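Shown next: protein_4.cif, containing mmCIF, C-alpha atoms.
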data_my_file
#
loop_
_atom_site.label_atom_id
_atom_site.label_comp_id
_atom_site.auth_asym_id
_atom_site.auth_seq_id
_atom_site.Cartn_x
_atom_site.Cartn_y
_atom_site.Cartn_z
CA MET A 1 -94.03 64.83 74.49
CA THR A 2 -91.73 64.30 71.55
CA SER A 3 -91.00 66.27 68.51
CA SER A 4 -92.47 63.58 66.35
CA GLY A 5 -95.83 63.62 68.05
CA SER A 6 -95.57 59.90 68.71
CA GLY A 7 -95.00 58.40 72.15
CA LEU A 8 -93.39 55.23 73.43
CA ARG A 9 -95.69 52.22 73.79
CA ARG A 10 -96.42 50.52 77.14
CA THR A 11 -95.95 46.80 76.44
CA LEU A 12 -93.75 45.42 79.27
CA GLY A 13 -95.34 43.52 82.16
CA VAL A 14 -93.74 42.39 85.45
CA ARG A 15 -92.15 39.29 83.92
CA ASP A 16 -90.62 41.21 81.02
CA ALA A 17 -89.40 43.94 83.38
CA VAL A 18 -87.72 41.39 85.67
CA VAL A 19 -86.08 39.74 82.66
CA VAL A 20 -84.70 43.09 81.46
CA GLY A 21 -83.15 43.61 84.90
CA LEU A 22 -81.73 40.08 84.97
CA GLY A 23 -80.34 40.50 81.48
CA SER A 24 -78.45 43.57 82.68
CA MET A 25 -77.09 42.01 85.87
CA LEU A 26 -76.46 38.39 84.88
CA GLY A 27 -74.34 39.44 81.95
CA ALA A 28 -70.64 40.05 81.92
CA GLY A 29 -70.58 41.24 85.54
CA VAL A 30 -70.49 37.77 87.05
CA PHE A 31 -67.90 36.67 84.48
CA SER A 32 -65.62 39.70 84.81
CA ALA A 33 -66.09 41.45 88.17
CA LEU A 34 -65.33 38.55 90.57
CA GLY A 35 -61.63 38.45 89.68
CA PRO A 36 -60.82 42.15 90.29
CA ALA A 37 -62.99 42.12 93.41
CA ALA A 38 -61.17 39.08 94.83
CA HIS A 39 -57.84 40.76 94.07
CA ALA A 40 -58.93 43.79 96.12
CA ALA A 41 -60.67 42.00 99.01
CA GLY A 42 -58.82 38.70 99.25
CA PRO A 43 -60.68 36.54 101.77
CA GLY A 44 -63.12 39.43 102.30
CA LEU A 45 -64.84 38.79 98.94
CA LEU A 46 -68.08 37.41 100.40
CA PRO A 47 -68.45 40.29 102.91
CA ALA A 48 -67.78 42.68 100.00
CA LEU A 49 -70.56 41.01 98.03
CA ALA A 50 -72.88 41.51 101.02
CA VAL A 51 -71.95 45.22 101.26
CA ALA A 52 -72.57 45.73 97.54
CA ALA A 53 -75.91 43.95 97.87
CA VAL A 54 -77.02 46.15 100.81
CA VAL A 55 -76.18 49.34 98.92
CA ALA A 56 -77.88 47.98 95.80
CA TYR A 57 -80.99 47.10 97.83
CA CYS A 58 -81.22 50.64 99.24
CA ASN A 59 -80.79 52.07 95.75
CA ALA A 60 -83.38 49.67 94.36
CA GLN A 61 -85.98 50.68 96.91
CA SER A 62 -85.35 54.39 96.27
CA SER A 63 -85.52 53.84 92.50
CA ALA A 64 -88.71 51.81 92.78
CA ARG A 65 -90.50 54.52 94.81
CA LEU A 66 -89.40 57.24 92.41
CA ALA A 67 -90.20 55.23 89.28
CA ALA A 68 -93.76 54.63 90.47
CA LEU A 69 -94.19 58.37 90.97
CA TYR A 70 -92.41 59.43 87.75
CA PRO A 71 -92.99 56.66 85.16
CA ALA A 72 -91.07 58.39 82.37
CA SER A 73 -88.01 57.50 80.30
CA GLY A 74 -84.75 58.64 81.82
CA GLY A 75 -84.70 57.13 85.31
CA THR A 76 -82.69 59.14 87.83
CA TYR A 77 -82.22 61.98 85.33
CA VAL A 78 -85.96 62.60 85.66
CA TYR A 79 -86.06 62.02 89.44
CA GLY A 80 -83.18 64.40 90.13
CA ARG A 81 -84.68 67.05 87.89
CA GLU A 82 -88.10 66.82 89.54
CA ARG A 83 -86.99 66.47 93.17
CA LEU A 84 -83.64 68.30 93.42
CA GLY A 85 -83.52 70.67 90.48
CA ASP A 86 -82.42 70.76 86.87
CA PHE A 87 -78.67 70.66 87.55
CA TRP A 88 -78.74 67.50 89.68
CA GLY A 89 -80.91 65.69 87.18
CA TYR A 90 -78.57 66.73 84.40
CA LEU A 91 -75.48 65.60 86.35
CA ALA A 92 -77.05 62.17 87.02
CA GLY A 93 -77.95 61.80 83.36
CA TRP A 94 -74.47 62.89 82.27
CA ALA A 95 -72.79 60.39 84.62
CA PHE A 96 -75.06 57.63 83.38
CA VAL A 97 -74.72 58.31 79.66
CA VAL A 98 -70.93 58.73 79.66
CA GLY A 99 -70.19 55.92 82.13
CA LYS A 100 -72.58 53.46 80.54
CA THR A 101 -71.39 54.26 77.02
CA ALA A 102 -67.95 53.10 78.15
CA SER A 103 -69.62 50.03 79.69
CA CYS A 104 -71.33 49.30 76.37
CA ALA A 105 -67.98 49.29 74.60
CA ALA A 106 -66.48 47.11 77.34
CA MET A 107 -69.30 44.59 77.03
CA ALA A 108 -68.99 44.56 73.24
CA LEU A 109 -65.28 43.83 73.55
CA THR A 110 -66.04 41.09 76.09
CA VAL A 111 -68.24 39.44 73.46
CA GLY A 112 -65.42 39.69 70.92
CA THR A 113 -62.77 38.42 73.33
CA TYR A 114 -64.76 35.29 74.21
CA ALA A 115 -66.25 34.63 70.77
CA TRP A 116 -63.19 35.25 68.55
CA PRO A 117 -60.13 36.53 70.45
CA GLY A 118 -58.15 37.25 67.28
CA GLN A 119 -60.86 39.56 65.92
CA ALA A 120 -62.25 40.99 69.13
CA HIS A 121 -62.76 44.52 67.83
CA ALA A 122 -64.49 43.40 64.63
CA VAL A 123 -66.83 41.08 66.55
CA ALA A 124 -67.53 43.87 69.06
CA VAL A 125 -68.62 46.25 66.31
CA ALA A 126 -70.78 43.55 64.71
CA ALA A 127 -72.45 42.86 68.08
CA VAL A 128 -73.23 46.57 68.57
CA VAL A 129 -74.72 46.87 65.09
CA ALA A 130 -76.82 43.72 65.51
CA LEU A 131 -78.22 44.66 68.92
CA THR A 132 -78.90 48.25 67.85
CA ALA A 133 -80.95 46.78 65.00
CA VAL A 134 -82.87 44.56 67.46
CA ASN A 135 -83.64 47.55 69.69
CA TYR A 136 -84.69 49.60 66.68
CA GLY A 137 -87.37 47.02 65.91
CA GLY A 138 -89.23 47.61 69.18
CA ILE A 139 -89.01 46.92 72.91
CA GLN A 140 -90.86 43.59 72.60
CA LYS A 141 -88.17 42.17 70.30
CA SER A 142 -85.53 43.28 72.80
CA ALA A 143 -87.46 41.65 75.68
CA TRP A 144 -87.84 38.38 73.73
CA LEU A 145 -84.12 38.18 72.95
CA THR A 146 -83.29 39.03 76.57
CA ARG A 147 -85.43 36.09 77.77
CA VAL A 148 -83.40 33.71 75.61
CA ILE A 149 -80.11 35.19 76.80
CA VAL A 150 -81.08 34.99 80.50
CA ALA A 151 -82.11 31.32 80.11
CA VAL A 152 -78.76 30.44 78.52
CA VAL A 153 -76.70 32.33 81.11
CA LEU A 154 -78.60 30.82 84.06
CA ALA A 155 -78.05 27.33 82.64
CA VAL A 156 -74.30 27.95 82.27
CA LEU A 157 -73.98 29.43 85.77
CA ALA A 158 -75.92 26.51 87.27
CA SER A 159 -73.51 24.12 85.53
CA VAL A 160 -70.51 25.96 86.97
CA VAL A 161 -71.94 25.85 90.49
CA VAL A 162 -72.78 22.13 90.32
CA VAL A 163 -69.43 21.16 88.81
CA CYS A 164 -67.39 23.17 91.32
CA LEU A 165 -69.28 22.21 94.46
CA SER A 166 -69.49 18.50 93.54
CA SER A 167 -65.81 18.16 92.58
CA GLY A 168 -63.14 16.70 94.78
CA GLN A 169 -61.26 19.98 94.56
CA ALA A 170 -63.91 21.94 96.50
CA ASP A 171 -62.76 22.89 100.00
CA ALA A 172 -64.90 24.96 102.35
CA ALA A 173 -61.75 26.17 104.11
CA ARG A 174 -60.92 28.25 101.02
CA LEU A 175 -63.94 30.46 101.72
CA ASP A 176 -62.10 31.84 104.76
CA ILE A 177 -65.17 33.89 105.69
CA GLY A 178 -63.54 35.20 108.88
CA GLY A 179 -60.47 36.48 107.06
CA THR A 180 -60.12 39.93 105.56
CA THR A 181 -57.58 42.29 104.04
CA GLY A 182 -59.08 45.24 105.90
CA ALA A 183 -62.03 47.56 105.45
CA GLY A 184 -60.40 49.39 102.54
CA GLY A 185 -60.06 46.22 100.48
CA VAL A 186 -63.60 45.11 101.26
CA LEU A 187 -65.07 48.49 100.31
CA GLN A 188 -63.04 48.67 97.09
CA ALA A 189 -64.22 45.18 96.16
CA ALA A 190 -67.81 46.14 96.98
CA GLY A 191 -67.49 49.13 94.65
CA LEU A 192 -66.21 46.88 91.86
CA LEU A 193 -68.93 44.31 92.49
CA PHE A 194 -71.51 47.08 92.25
CA PHE A 195 -70.71 47.04 88.53
CA ALA A 196 -72.32 43.59 88.42
CA PHE A 197 -75.46 44.79 90.25
CA ALA A 198 -75.87 48.04 88.36
CA GLY A 199 -78.60 46.85 85.98
CA TYR A 200 -81.34 46.21 88.54
CA ALA A 201 -83.10 49.50 87.88
CA ARG A 202 -82.74 49.36 84.10
CA VAL A 203 -86.52 48.99 83.90
CA ALA A 204 -86.86 52.41 85.57
CA THR A 205 -85.20 54.02 82.54
CA LEU A 206 -87.89 52.32 80.43
CA GLY A 207 -90.68 53.87 82.52
CA GLU A 208 -92.78 54.91 79.50
CA GLU A 209 -92.76 51.35 78.10
CA VAL A 210 -94.04 49.51 81.19
CA ARG A 211 -97.68 48.63 81.71
CA ASN A 212 -99.18 49.93 84.99
CA PRO A 213 -95.79 51.35 86.10
CA ALA A 214 -96.94 52.27 89.61
CA ARG A 215 -97.46 48.54 90.28
CA THR A 216 -95.02 46.89 87.86
CA ILE A 217 -91.78 48.78 88.55
CA PRO A 218 -91.78 48.52 92.39
CA ARG A 219 -92.33 44.75 92.03
CA ALA A 220 -89.87 44.14 89.20
CA ILE A 221 -86.83 45.94 90.61
CA PRO A 222 -86.50 44.07 93.96
CA LEU A 223 -87.42 40.76 92.29
CA ALA A 224 -84.64 41.11 89.73
CA LEU A 225 -82.16 42.20 92.40
CA GLY A 226 -83.09 39.34 94.74
CA ILE A 227 -82.73 36.66 92.08
CA THR A 228 -79.38 38.07 90.99
CA LEU A 229 -78.03 38.21 94.54
CA VAL A 230 -78.88 34.53 95.11
CA VAL A 231 -77.20 33.54 91.83
CA TYR A 232 -74.09 35.63 92.57
CA ALA A 233 -73.78 34.21 96.07
CA PHE A 234 -73.88 30.61 94.79
CA VAL A 235 -71.38 31.36 92.02
CA ALA A 236 -68.99 33.19 94.36
CA VAL A 237 -69.06 30.38 96.92
CA ALA A 238 -68.57 27.71 94.24
CA VAL A 239 -65.64 29.45 92.55
CA LEU A 240 -63.96 30.38 95.83
CA SER A 241 -64.23 26.82 97.11
CA VAL A 242 -62.13 25.65 94.15
CA LEU A 243 -59.73 28.52 93.45
CA GLY A 244 -59.53 30.29 96.80
CA ALA A 245 -59.31 34.08 97.07
CA SER A 246 -55.73 34.25 95.78
CA GLY A 247 -56.37 32.07 92.73
CA LEU A 248 -59.60 33.89 91.94
CA GLY A 249 -57.88 37.28 92.18
CA GLN A 250 -55.27 36.20 89.63
CA ALA A 251 -57.70 34.53 87.21
CA ALA A 252 -58.21 36.20 83.83
CA ALA A 253 -61.37 34.15 83.22
CA PRO A 254 -62.49 33.15 86.74
CA LEU A 255 -65.37 30.82 85.90
CA ALA A 256 -63.49 29.05 83.12
CA ASP A 257 -60.47 28.62 85.40
CA ALA A 258 -62.71 27.28 88.16
CA VAL A 259 -64.28 24.49 86.06
CA ARG A 260 -60.83 23.60 84.70
CA ALA A 261 -59.47 23.38 88.26
CA ALA A 262 -62.51 21.31 89.22
CA GLY A 263 -61.40 18.68 86.70
CA VAL A 264 -63.95 19.32 83.95
CA PRO A 265 -61.98 21.14 81.20
CA GLY A 266 -64.63 20.09 78.68
CA LEU A 267 -66.98 22.64 80.22
CA VAL A 268 -64.61 25.55 79.49
CA PRO A 269 -65.96 26.18 75.95
CA VAL A 270 -69.50 26.20 77.38
CA VAL A 271 -68.49 28.80 79.95
CA ARG A 272 -66.89 30.88 77.21
CA VAL A 273 -70.12 30.75 75.21
CA GLY A 274 -72.08 31.67 78.34
CA ALA A 275 -69.80 34.66 78.96
CA ALA A 276 -70.23 35.86 75.38
CA VAL A 277 -74.00 35.45 75.53
CA GLY A 278 -74.14 37.12 78.94
CA ALA A 279 -72.15 40.07 77.64
CA LEU A 280 -74.62 40.32 74.75
CA GLY A 281 -77.46 40.51 77.28
CA SER A 282 -75.74 43.27 79.22
CA LEU A 283 -74.97 45.14 76.02
CA LEU A 284 -78.57 44.89 74.84
CA ALA A 285 -79.93 46.25 78.12
CA LEU A 286 -77.25 48.95 78.32
CA ILE A 287 -78.07 50.30 74.86
CA LEU A 288 -81.75 50.36 75.88
CA GLY A 289 -81.01 52.29 79.08
CA VAL A 290 -78.55 54.79 77.58
CA SER A 291 -80.81 55.56 74.62
CA ARG A 292 -83.81 56.25 76.90
CA THR A 293 -81.79 58.57 79.13
CA THR A 294 -80.48 60.27 75.99
CA LEU A 295 -84.11 60.69 74.86
CA ALA A 296 -85.08 62.33 78.16
CA MET A 297 -82.10 64.69 78.14
CA ALA A 298 -82.75 65.62 74.51
CA ARG A 299 -86.35 66.52 75.36
CA ASP A 300 -84.98 69.06 77.83
CA ARG A 301 -82.37 70.28 75.30
CA HIS A 302 -79.38 69.10 77.32
CA LEU A 303 -78.58 67.05 74.22
CA PRO A 304 -79.52 67.82 70.59
CA ARG A 305 -83.31 68.06 70.30
CA SER A 306 -83.31 65.84 67.21
CA LEU A 307 -82.48 62.86 69.46
CA ALA A 308 -85.91 63.19 71.12
CA VAL A 309 -87.81 61.87 68.07
CA VAL A 310 -89.80 58.64 68.57
CA HIS A 311 -90.36 56.34 65.59
CA PRO A 312 -94.07 56.43 64.57
CA ARG A 313 -94.17 52.71 63.73
CA PHE A 314 -91.78 51.00 66.15
CA HIS A 315 -92.37 53.44 69.06
CA VAL A 316 -88.68 53.62 70.00
CA PRO A 317 -86.32 56.63 70.26
CA HIS A 318 -84.67 55.52 67.03
CA ARG A 319 -82.35 58.49 66.57
CA ALA A 320 -81.08 58.22 70.13
CA GLU A 321 -80.54 54.47 69.65
CA LEU A 322 -78.66 55.00 66.39
CA ALA A 323 -76.51 57.73 67.94
CA VAL A 324 -75.65 55.59 70.96
CA GLY A 325 -74.94 52.59 68.74
CA ALA A 326 -72.66 54.65 66.48
CA VAL A 327 -70.63 56.08 69.38
CA VAL A 328 -70.28 52.67 71.05
CA ALA A 329 -69.23 51.04 67.76
CA VAL A 330 -66.51 53.65 67.20
CA VAL A 331 -65.16 53.28 70.75
CA ALA A 332 -65.28 49.47 70.57
CA ALA A 333 -63.44 49.52 67.22
CA THR A 334 -60.65 51.84 68.28
CA ALA A 335 -60.00 51.41 72.00
CA ASP A 336 -59.54 48.75 74.64
CA VAL A 337 -61.90 49.66 77.46
CA ARG A 338 -62.24 46.28 79.15
CA GLY A 339 -60.72 47.92 82.22
CA ALA A 340 -63.64 50.34 82.47
CA ILE A 341 -65.28 48.54 85.40
CA GLY A 342 -63.99 51.02 87.97
CA PHE A 343 -64.81 54.10 85.88
CA SER A 344 -68.30 52.78 85.12
CA SER A 345 -68.87 51.96 88.79
CA PHE A 346 -67.95 55.53 89.82
CA GLY A 347 -70.40 57.02 87.32
CA VAL A 348 -73.21 54.67 88.30
CA LEU A 349 -72.62 55.21 92.03
CA ALA A 350 -72.85 58.98 91.42
CA TYR A 351 -76.06 58.36 89.47
CA TYR A 352 -77.63 56.39 92.33
CA ALA A 353 -76.43 58.90 94.92
CA VAL A 354 -78.71 61.40 93.17
CA ALA A 355 -81.51 58.79 93.18
CA ASN A 356 -81.22 58.32 96.95
CA ALA A 357 -81.06 62.06 97.56
CA SER A 358 -84.21 62.41 95.45
CA ALA A 359 -85.99 59.65 97.39
CA TRP A 360 -85.03 61.40 100.65
CA THR A 361 -87.30 64.29 99.66
CA LEU A 362 -90.39 62.08 99.19
CA SER A 363 -91.26 61.96 102.88
CA ARG A 364 -90.42 63.70 106.14
CA THR A 365 -90.98 60.56 108.20
CA PRO A 366 -87.66 59.43 109.73
CA SER A 367 -88.40 55.73 109.18
CA SER A 368 -88.99 56.26 105.45
CA ARG A 369 -85.71 58.14 105.13
CA VAL A 370 -83.49 55.40 106.56
CA LEU A 371 -82.96 53.48 103.31
CA PRO A 372 -82.35 56.56 101.12
CA ALA A 373 -79.86 57.89 103.69
CA LEU A 374 -78.07 54.54 103.93
CA GLY A 375 -78.03 54.26 100.15
CA LEU A 376 -76.64 57.77 99.71
CA VAL A 377 -73.85 57.24 102.26
CA GLY A 378 -73.12 53.81 100.76
CA CYS A 379 -72.87 55.17 97.21
CA VAL A 380 -70.49 57.97 98.17
CA THR A 381 -68.36 55.66 100.31
CA LEU A 382 -68.03 52.98 97.64
CA ALA A 383 -67.37 55.55 94.90
CA PHE A 384 -64.35 56.98 96.72
CA ALA A 385 -63.13 53.54 97.81
CA LEU A 386 -62.59 52.57 94.14
CA PRO A 387 -59.08 52.52 92.64
CA VAL A 388 -57.52 56.00 92.44
CA THR A 389 -57.54 56.06 88.64
CA ALA A 390 -61.26 55.32 88.53
CA VAL A 391 -61.99 58.07 91.07
CA VAL A 392 -59.86 60.67 89.28
CA VAL A 393 -61.28 59.89 85.81
CA GLY A 394 -64.84 59.62 87.11
CA ALA A 395 -64.63 62.89 89.03
CA GLY A 396 -63.07 64.54 85.99
CA VAL A 397 -65.99 63.43 83.82
CA LEU A 398 -68.45 64.92 86.32
CA VAL A 399 -66.51 68.22 86.37
CA VAL A 400 -66.53 68.38 82.56
CA GLY A 401 -70.28 67.74 82.56
CA ALA A 402 -70.91 70.42 85.18
CA ALA A 403 -68.78 72.90 83.22
CA ALA A 404 -70.70 72.15 80.03
CA TYR A 405 -73.97 72.74 81.89
CA GLY A 406 -72.70 76.06 83.24
CA VAL A 407 -71.53 77.24 79.82
CA ARG A 408 -74.87 76.33 78.25
CA ARG A 409 -76.79 78.19 80.97
CA TRP A 410 -74.50 81.22 80.63
CA ALA A 411 -74.90 81.25 76.85
CA GLY A 412 -78.68 80.94 77.21
CA ALA A 413 -78.82 83.83 79.65
CA ARG A 414 -76.93 86.05 77.21
#
What's the structure tokens form of this structure?
Amino acid sequence: MTSSGSGLRRTLGVRDAVVVGLGSMLGAGVFSALGPAAHAAGPGLLPALAVAAVVAYCNAQSSARLAALYPASGGTYVYGRERLGDFWGYLAGWAFVVGKTASCAAMALTVGTYAWPGQAHAVAVAAVVALTAVNYGGIQKSAWLTRVIVAVVLAVLASVVVVCLSSGQADAARLDIGGTTGAGGVLQAAGLLFFAFAGYARVATLGEEVRNPARTIPRAIPLALGITLVVYAFVAVAVLSVLGASGLGQAAAPLADAVRAAGVPGLVPVVRVGAAVGALGSLLALILGVSRTTLAMARDRHLPRSLAVVHPRFHVPHRAELAVGAVVAVVAATADVRGAIGFSSFGVLAYYAVANASAWTLSRTPSSRVLPALGLVGCVTLAFALPVTAVVVGAGVLVVGAAAYGVRRWAGAR
């Protein structure tokens, strides 16, 4: 299975799997995605959140079915390869690895920006190095740290909700649920908010490290998604009730601005700490997911075969983790990719489009094809509703990946 002769170890149960998903979703997404989404949707933010949640639910169900059938590292890369053919699996893996590597750098810079604004790049690199070291030590250490991070972030978000909704500044009229800026704005906001939901199937990429995957993964994915949706809905309502759609759309740090507007400026440093810790959680889970997809692609020689080695003691793809950590550290040290939400969303939506198309092939029963079909249409629609720059860059990345695949096949044939 690997060139080292040593496989990954199945140690994660349902609780650990749910925590990994929560760590991915409750990270920087809720601290960073609400502002851009409100700017796009205006008073249509809550409907946009509902649209993103519906698409995410369809994707989650498709991913859960496929993960139970193919409990291997790599997630949709494996599903596309097995159900649609080598090219589609490769394209999904390429979109995931490139898009999520940019997300890793963005999350690292989010940590630096909140923790020490004057040295954001240095802190970002330090965070990448530290979390790569944690992941190197084994999946159980990563799961333990993720539990701590999720507990801290949930406590901070609960504080924000209570402070905002109990303040004299809260006004239900600011929710303006009936108002909208049009379908285009709502869909664009839903695409941006999908960035915050995109970690729900992270456990699927860890398929070889989950105990009883046929039972654990289909339970863990919808549980993690459901908990996150409830949390996001409360946070969105609380922040909107204080700032309104216009104020939220202009906020650089939406949750910090909301508690300040609610009359509790003393909570701002706590929110900043929560954002930094949440970004650490997202970064930890992202490095896990990207390294496992890298492992799967390396096994099939789409990436250097040396990256497929599994450590005989720690049972992790240590070379893949080190390679991912090195690339992310370089990008975080030299570039400002905090605006990568749209680009990352395009890549992940393309990734899940392949997942839904793969799930479509599992059954010929019309009723069982409804969710995959809805998920596929939703992914494509949201991907092309994103800002033009995100669509152009994301499509360009897919074209480059497809060209590289074609050249490699041509060279192999010769």
* **All residues 12 Å or closer to Gly89 of chain A, only C-alpha atoms, same chain fewer than 2 positions away omitted, as a PyMOL selection string** => chain A and resi 74-87+91-96+293+296-297+300+302+350-355+357-358+401-402+405
* Taking into account all atoms listed in the file, which residue in the set A:Leu362, A:Leu386, A:Leu374, A:Leu284 is nearest to Val150 of chain A? -> A:Leu284
* **Shell around segment 320-332 of chain A at 10 Å using all atoms listed in the file, local window under 5 positions removed, as a PyMOL selection string** => chain A and resi 97+100-109+112+120-133+135-136+287-296+298+304+306-310+337-338
* To do: Could you check which of A:Phe31, A:Tyr57, A:Tyr114, A:Tyr70 is closest to Ala214 of chain A, using all atoms listed in the file?
  => A:Tyr70
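In this comparison, which uses only C-alpha atoms, the residue of A:Gly13, A:Ala279, A:Gly274, A:Gly99 approaching Gly396 of chain A most closely is A:Gly99.
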* For the file shown, report as a VMD selection string the outcome of the PyMOL selection byres ((chain A and resi 256) around 12) at residue level. => chain A and resid 30 to 32 35 114 156 to 157 159 to 161 163 to 164 239 242 to 243 248 251 to 255 257 to 275
* **Coordinates-based distance that separates atom CA of Ala64 of chain A from atom CA of Arg319 of chain A (Å, one decimal)** =>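 These two atoms are separated by 27.8 Å.
Every protein, DNA or RNA residue with an atom at most 9 Å from Ala60 of chain A, where only C-alpha atoms count and chain neighbours fewer than 2 positions away do not, is listed here: A:Val55, A:Ala56, A:Tyr57, A:Cys58, A:Ser62, A:Ser63, A:Ala64, A:Arg65, A:Tyr200, A:Ala201, A:Pro218, A:Ile221, A:Pro222, A:Leu225.
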